[in-house]
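Undergrad: Structure file run_26.txt (compact mmCIF, C-alpha atoms and all ligand atoms) right here:
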# COMPACT_ATOMS: atom_id res chain seq x y z
CA MET A 193 176.15 215.88 63.89
CA ILE A 194 174.82 216.51 67.36
CA LEU A 195 171.20 217.13 66.32
CA GLU A 196 169.33 215.88 63.30
CA LEU A 197 165.58 216.43 62.98
CA LYS A 198 163.81 215.28 59.84
CA ASN A 199 160.20 216.05 58.91
CA ILE A 200 159.10 216.59 62.49
CA TYR A 201 155.40 217.16 63.11
CA LYS A 202 153.86 217.79 66.51
CA ASN A 203 150.11 217.91 67.10
CA TYR A 204 148.43 218.58 70.40
CA GLN A 205 145.13 217.00 71.22
CA GLN A 206 142.56 219.60 72.22
CA GLY A 207 139.34 217.81 73.08
CA LYS A 208 138.45 216.03 69.87
CA MET A 209 140.56 218.35 67.75
CA GLU A 210 144.16 217.73 66.72
CA VAL A 211 146.00 221.03 66.66
CA PRO A 212 149.11 221.03 64.46
CA VAL A 213 151.94 222.98 66.13
CA LEU A 214 155.16 221.89 64.39
CA LYS A 215 154.87 221.40 60.65
CA ASP A 216 157.53 219.46 58.78
CA VAL A 217 160.48 220.79 60.77
CA SER A 218 163.91 219.68 59.57
CA PHE A 219 166.98 221.02 61.32
CA SER A 220 170.47 219.90 62.11
CA MET A 221 173.33 221.17 64.19
CA GLU A 222 177.01 220.21 64.35
CA GLU A 223 178.96 219.81 67.55
CA GLY A 224 180.48 223.14 68.66
CA GLU A 225 177.88 225.32 66.94
CA TYR A 226 176.03 228.24 68.55
CA VAL A 227 172.55 228.47 67.05
CA ALA A 228 169.49 230.59 67.89
CA ILE A 229 165.95 229.62 67.02
CA MET A 230 163.95 232.82 66.85
CA GLY A 231 160.22 233.27 66.55
CA PRO A 232 157.26 235.18 68.02
CA SER A 233 155.24 233.97 70.98
CA GLY A 234 153.08 230.97 70.10
CA SER A 235 155.21 229.96 67.09
CA GLY A 236 156.18 226.59 68.60
CA LYS A 237 159.60 227.33 70.14
CA THR A 238 159.01 225.66 73.49
CA THR A 239 157.30 222.72 71.79
CA LEU A 240 160.41 222.28 69.65
CA MET A 241 162.73 222.71 72.61
CA ASN A 242 160.80 220.02 74.53
CA ILE A 243 161.36 217.59 71.67
CA ILE A 244 165.05 218.45 71.27
CA GLY A 245 165.45 218.28 75.06
CA CYS A 246 163.94 214.77 75.12
CA LEU A 247 161.09 215.98 77.34
CA ASP A 248 158.47 215.12 74.75
CA GLN A 249 158.15 213.03 71.60
CA ALA A 250 157.19 214.26 68.15
CA THR A 251 153.94 213.06 66.59
CA SER A 252 155.92 211.96 63.53
CA GLY A 253 159.34 212.38 61.97
CA THR A 254 162.79 211.30 63.09
CA PHE A 255 165.09 212.88 65.63
CA PHE A 256 168.69 211.85 66.27
CA LEU A 257 170.65 213.30 69.17
CA ASP A 258 174.36 212.49 69.24
CA GLY A 259 173.72 209.61 66.84
CA GLU A 260 170.89 208.08 68.86
CA ASP A 261 167.38 207.65 67.45
CA ILE A 262 165.24 209.38 70.09
CA SER A 263 161.97 208.59 68.31
CA LYS A 264 162.55 204.96 69.39
CA CYS A 265 163.48 205.72 73.03
CA SER A 266 161.41 204.85 76.11
CA GLU A 267 160.66 207.40 78.86
CA ASN A 268 163.50 205.97 80.96
CA GLU A 269 165.99 206.13 78.14
CA MET A 270 164.94 209.72 77.48
CA SER A 271 165.47 210.75 81.09
CA ASP A 272 168.91 209.14 81.02
CA ILE A 273 169.79 211.07 77.86
CA ARG A 274 168.55 214.32 79.43
CA LEU A 275 170.74 213.77 82.47
CA HIS A 276 173.94 212.98 80.61
CA LYS A 277 173.74 214.80 77.29
CA ILE A 278 171.74 217.99 77.79
CA GLY A 279 172.10 221.01 80.05
CA PHE A 280 168.91 223.04 80.42
CA VAL A 281 168.66 226.78 81.03
CA PHE A 282 165.20 228.29 81.54
CA GLN A 283 163.84 231.84 81.56
CA SER A 284 162.91 231.58 85.25
CA PHE A 285 166.15 229.79 86.34
CA HIS A 286 164.39 226.88 88.14
CA LEU A 287 166.69 226.98 91.16
CA LEU A 288 165.69 225.32 94.43
CA PRO A 289 165.14 228.23 96.87
CA ARG A 290 166.29 226.41 100.03
CA GLN A 291 169.54 225.14 98.50
CA THR A 292 172.78 227.06 98.14
CA ALA A 293 174.26 227.84 94.73
CA GLN A 294 176.64 224.94 95.27
CA SER A 295 173.86 222.43 96.13
CA ASN A 296 171.79 223.60 93.18
CA VAL A 297 174.72 222.97 90.86
CA GLU A 298 175.36 219.57 92.47
CA MET A 299 171.82 218.39 91.74
CA PRO A 300 172.43 216.73 88.33
CA LEU A 301 175.52 215.01 89.76
CA GLN A 302 173.42 213.69 92.61
CA TYR A 303 170.95 212.21 90.12
CA ALA A 304 173.88 210.70 88.25
CA LYS A 305 175.07 209.14 91.56
CA VAL A 306 178.45 210.86 91.49
CA PRO A 307 180.22 210.50 94.89
CA LYS A 308 180.03 213.48 97.28
CA LYS A 309 183.69 214.52 97.07
CA GLU A 310 183.66 214.63 93.30
CA ARG A 311 180.29 216.44 93.34
CA ILE A 312 181.75 219.21 95.48
CA ALA A 313 184.85 219.56 93.32
CA ARG A 314 182.95 219.59 90.04
CA SER A 315 180.20 221.96 91.18
CA ARG A 316 182.77 224.43 92.52
CA LYS A 317 184.63 224.28 89.26
CA ALA A 318 181.41 224.92 87.31
CA LEU A 319 180.61 227.92 89.53
CA GLU A 320 184.14 229.24 88.98
CA ARG A 321 183.64 228.85 85.26
CA VAL A 322 180.64 231.20 85.35
CA GLY A 323 182.42 233.70 87.59
CA LEU A 324 180.66 232.83 90.86
CA ALA A 325 183.47 231.25 92.90
CA GLU A 326 182.73 233.73 95.70
CA ARG A 327 179.03 232.88 95.84
CA VAL A 328 179.03 229.10 96.37
CA GLY A 329 177.31 229.35 99.77
CA PHE A 330 174.68 231.91 98.77
CA PHE A 331 170.99 231.06 98.53
CA PRO A 332 169.03 232.15 95.43
CA ASN A 333 167.32 235.02 97.31
CA GLN A 334 170.78 236.42 98.11
CA LEU A 335 171.69 236.59 94.42
CA SER A 336 170.74 238.98 91.61
CA GLY A 337 168.75 237.69 88.63
CA GLY A 338 171.87 237.59 86.48
CA GLN A 339 173.74 235.66 89.17
CA MET A 340 170.86 233.19 89.53
CA GLN A 341 170.95 232.57 85.81
CA ARG A 342 174.71 232.00 85.98
CA VAL A 343 174.14 229.43 88.76
CA ALA A 344 171.61 227.75 86.45
CA ILE A 345 174.19 227.78 83.65
CA ALA A 346 176.79 226.21 85.99
CA ARG A 347 174.22 223.52 86.82
CA ALA A 348 173.62 222.98 83.09
CA LEU A 349 177.38 222.57 82.53
CA VAL A 350 178.31 220.39 85.46
CA ASN A 351 177.63 217.03 83.76
CA ASN A 352 179.67 218.05 80.68
CA PRO A 353 176.64 217.81 78.40
CA LYS A 354 176.83 217.51 74.62
CA LEU A 355 174.44 220.44 74.28
CA ILE A 356 173.23 223.44 76.27
CA LEU A 357 169.56 224.18 75.54
CA ALA A 358 168.43 227.62 76.66
CA ASP A 359 164.79 228.75 76.41
CA GLU A 360 164.51 232.58 76.61
CA PRO A 361 167.56 232.69 78.96
CA THR A 362 167.47 236.48 79.25
CA GLY A 363 163.68 236.84 79.36
CA ALA A 364 163.57 237.59 83.09
CA LEU A 365 166.72 239.75 83.20
CA ASP A 366 167.42 243.47 82.86
CA SER A 367 169.39 244.34 79.75
CA LYS A 368 172.78 244.57 81.50
CA SER A 369 172.48 241.13 83.14
CA GLY A 370 171.15 239.80 79.85
CA GLU A 371 174.29 241.03 78.08
CA GLN A 372 176.45 239.32 80.72
CA VAL A 373 174.62 236.04 80.16
CA MET A 374 175.17 236.46 76.39
CA ASP A 375 178.88 237.11 76.99
CA LEU A 376 179.01 233.93 79.05
CA PHE A 377 177.38 231.80 76.33
CA LYS A 378 179.80 233.26 73.80
CA ARG A 379 182.79 232.35 75.96
CA LEU A 380 181.48 228.86 76.70
CA ASN A 381 180.92 228.30 72.98
CA GLU A 382 184.51 229.42 72.30
CA GLU A 383 185.56 226.81 74.87
CA GLY A 384 183.77 224.17 72.76
CA VAL A 385 180.28 223.98 74.28
CA SER A 386 177.42 223.55 71.76
CA VAL A 387 174.63 226.03 72.48
CA LEU A 388 171.07 226.10 71.15
CA MET A 389 169.20 229.17 72.31
CA ILE A 390 165.53 229.85 71.85
CA THR A 391 164.24 233.42 71.88
CA HIS A 392 161.62 235.81 70.52
CA ASP A 393 164.17 238.65 70.64
CA ALA A 394 166.12 239.44 67.45
CA GLU A 395 168.81 241.33 69.36
CA ILE A 396 169.42 238.35 71.65
CA ALA A 397 169.33 235.93 68.68
CA SER A 398 172.00 238.00 66.92
CA HIS A 399 174.57 236.85 69.50
CA ALA A 400 174.44 233.34 68.00
CA LYS A 401 176.58 232.46 65.00
CA ARG A 402 173.60 231.07 63.13
CA VAL A 403 169.94 232.10 63.37
CA VAL A 404 166.98 229.95 62.32
CA THR A 405 163.47 231.39 62.27
CA ILE A 406 160.25 229.69 63.32
CA ARG A 407 156.85 231.10 62.45
CA ASP A 408 153.56 229.31 62.92
CA GLY A 409 155.36 225.99 63.37
CA VAL A 410 157.41 226.28 60.19
CA LEU A 411 161.19 226.58 60.41
CA THR A 412 163.14 228.56 57.84
CA GLU A 413 166.80 229.32 57.49
CA LYS A 414 168.39 231.92 55.25
CA GLU A 415 171.28 230.55 53.23
P1 LIG B 1 156.31 229.52 71.99
O1 LIG B 1 157.26 228.87 72.95
O2 LIG B 1 156.94 229.85 70.68
O3 LIG B 1 155.62 230.70 72.58
P2 LIG B 1 154.72 227.08 72.29
O4 LIG B 1 155.54 225.97 71.74
O5 LIG B 1 154.66 227.20 73.76
O6 LIG B 1 155.17 228.46 71.61
O7 LIG B 1 153.25 226.91 71.74
C1 LIG B 1 152.95 226.81 70.35
C2 LIG B 1 151.46 226.56 70.15
O8 LIG B 1 151.11 225.29 70.69
C3 LIG B 1 150.56 227.57 70.83
O9 LIG B 1 149.49 227.86 69.99
C4 LIG B 1 150.08 226.85 72.07
O10 LIG B 1 148.81 227.28 72.43
C5 LIG B 1 150.07 225.41 71.63
N1 LIG B 1 150.37 224.48 72.74
C6 LIG B 1 151.52 224.44 73.46
N2 LIG B 1 151.48 223.47 74.39
C7 LIG B 1 150.25 222.88 74.27
C8 LIG B 1 149.58 221.79 74.94
N3 LIG B 1 150.19 221.10 75.91
N4 LIG B 1 148.32 221.48 74.52
C9 LIG B 1 147.74 222.16 73.52
N5 LIG B 1 148.30 223.17 72.85
C10 LIG B 1 149.54 223.54 73.21
MG MG B 2 157.99 229.45 74.82
Translate this structure into structure tokens?

TA:
Amino acid sequence: MILELKNIYKNYQQGKMEVPVLKDVSFSMEEGEYVAIMGPSGSGKTTLMNIIGCLDQATSGTFFLDGEDISKCSENEMSDIRLHKIGFVFQSFHLLPRQTAQSNVEMPLQYAKVPKKERIARSRKALERVGLAERVGFFPNQLSGGQMQRVAIARALVNNPKLILADEPTGALDSKSGEQVMDLFKRLNEEGVSVLMITHDAEIASHAKRVVTIRDGVLTEKE
């Protein structure tokens, strides 16, 4: 089991009020799966992704990632887990504008203190894997939206994470580039990468092999 969430609650503090956002969420995922969590805006998707991505802690409940009890982890342990076990893909790519595709992809390796020569080799390989071997020296403003997202996916892959977490990965793309990104996730999953995608879009969600729905902080899955 790569993910195991049990009875997760998340409340946000709003002044003196506690606002419940996630309500008794239980969810698990096996290694190698391709799952979509689908729900309308405001349903708690990003809140859930932040917990699964070890960016935030639940208010209560237990969460195991790759066998490790994250509810007991410190901030430092969580950032270590993020670096080594999770590859993030965001709607707005989050690329550094003054860095080439190659340097952007190298970034997680730099944090992990991988030596320069190996960084170059691994980031080139990751860019090849997403079909961008010819674009290693390009800056983000010289790339299309779809290409920028593929750079971001190469960056997410470069540390060989246990899980790719993608929050609305096609939200900023035209439909053709969105389809290409979906094709890429499908291929990566066939190559053994575990993918958890978060989206409000049923058509996008249907590319996953398993779809879980979230509505008003409650997760449901059809049998
Ligand atoms: P989604 O990603 O599905 O659109 P979010 O997880 O971003 O939903 O938000 C779910 C609910 O939690 C919303 O009602 C939002 O207003 C609230 N929320 C999100 N983040 C915070 C925060 N930091 N403080 C207070 N409320 C928040
Ligand atoms: Mg969101």

Undergrad: Go through the chains and note each residue within 7 Å of ligand LIG 1 (chain B), using only C-alpha atoms and all ligand atoms, then give the set as a PyMOL selection string.

TA: chain A and resi 204-206+211+213+231-240

Undergrad: Determine, counting all atoms listed in the file, which protein, DNA and RNA residues have an atom within 10 Å of an atom of A:Glu413; residues of the same chain fewer than 4 positions away are not included. Present the result as a PyMOL selection string.

TA: chain A and resi 219+229+402-406

Undergrad: I need the residue nearest A:Cys246 from this list: A:Arg274, A:His392, A:Lys208, A:Arg311. Use all atoms listed in the file for the distance.

TA: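 Looking at the shortest contact to A:Cys246, the residue is A:Arg274.
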
Undergrad: Please report the interatomic distance between atom CA of A:Pro332 and atom CA of A:Ser386 in Å with one decimal.

TA: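 Interatomic distance here is 26.5 Å.
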
Undergrad: Could you work out how far atom CA of A:Thr362 lies from atom CA of A:Ser336, giving the answer in Å with one decimal?

TA: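 Atom CA of A:Thr362 lies 13.0 Å from atom CA of A:Ser336.
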
Undergrad: Could you tell me how far atom CA of A:Ala346 sits from atom CA of A:Ile194, in Å to one decimal place?

TA: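 The value is 21.1 Å.
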
Undergrad: Set the distance at 7 Å and use only C-alpha atoms: which residues neighbour stretch 250-264 of chain A once local chain neighbours fewer than 6 positions away are removed? I'd like the list as an mmCIF file with C-alpha atoms, in the coordinates of the input.

TA:
data_model
loop_
_atom_site.group_PDB
_atom_site.id
_atom_site.type_symbol
_atom_site.label_atom_id
_atom_site.label_comp_id
_atom_site.auth_asym_id
_atom_site.auth_seq_id
_atom_site.Cartn_x
_atom_site.Cartn_y
_atom_site.Cartn_z
ATOM 1 C CA MET A 193 176.150 215.880 63.890
ATOM 2 C CA ILE A 194 174.820 216.510 67.360
ATOM 3 C CA LEU A 195 171.200 217.130 66.320
ATOM 4 C CA GLU A 196 169.330 215.880 63.300
ATOM 5 C CA LEU A 197 165.580 216.430 62.980
ATOM 6 C CA LYS A 198 163.810 215.280 59.840
ATOM 7 C CA ASN A 199 160.200 216.050 58.910
ATOM 8 C CA ILE A 200 159.100 216.590 62.490
ATOM 9 C CA TYR A 201 155.400 217.160 63.110
ATOM 10 C CA LYS A 202 153.860 217.790 66.510
ATOM 11 C CA ASN A 203 150.110 217.910 67.100
ATOM 12 C CA ILE A 243 161.360 217.590 71.670
#

Undergrad: Calculated over all atoms listed in the file, which of the candidates A:Asp272, A:Leu247, A:Ser315, A:Thr391 has the smallest distance to ligand MG 2 (chain B)?

TA: A:Thr391

Undergrad: With distances taken over only C-alpha atoms, which of A:Ser218, A:Ser295, A:Thr412, A:Gln339 is nearest to A:Gly370?

TA: A:Gln339

Undergrad: When distances are computed from all atoms listed in the file, which of A:Val322, A:Met389, A:Val373, A:Val217 shows the smallest separation from A:Val350?

TA: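 For A:Val350, the nearest of the given residues is A:Val322.
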
Undergrad: Between A:Ser266, A:Ser220, A:Ser284, A:Ser271, which residue has the minimum interatomic distance to ligand MG 2 (chain B), considering all atoms listed in the file?

TA: A:Ser284

Undergrad: Could you tell me which of A:Leu411, A:Ile390, A:Met209, A:Val343 comes closest to ligand MG 2 (chain B) if we count all atoms listed in the file?

TA: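 Going through A:Leu411, A:Ile390, A:Met209, A:Val343 one by one, the smallest distance to ligand MG 2 (chain B) is for A:Ile390.
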
Undergrad: With a distance cut-off of 12 Å and only C-alpha atoms, select the neighbouring residues of A:Ala304, excluding the residue or stretch itself and same-chain residues fewer than 2 positions from it, and output the selection as a list in words.

TA: Ser271, Asp272, Ile273, Arg274, Leu275, His276, Lys277, Glu298, Met299, Pro300, Leu301, Gln302, Val306, Pro307, Lys308, Glu310, Arg311, Val350 and Asn351 of chain A
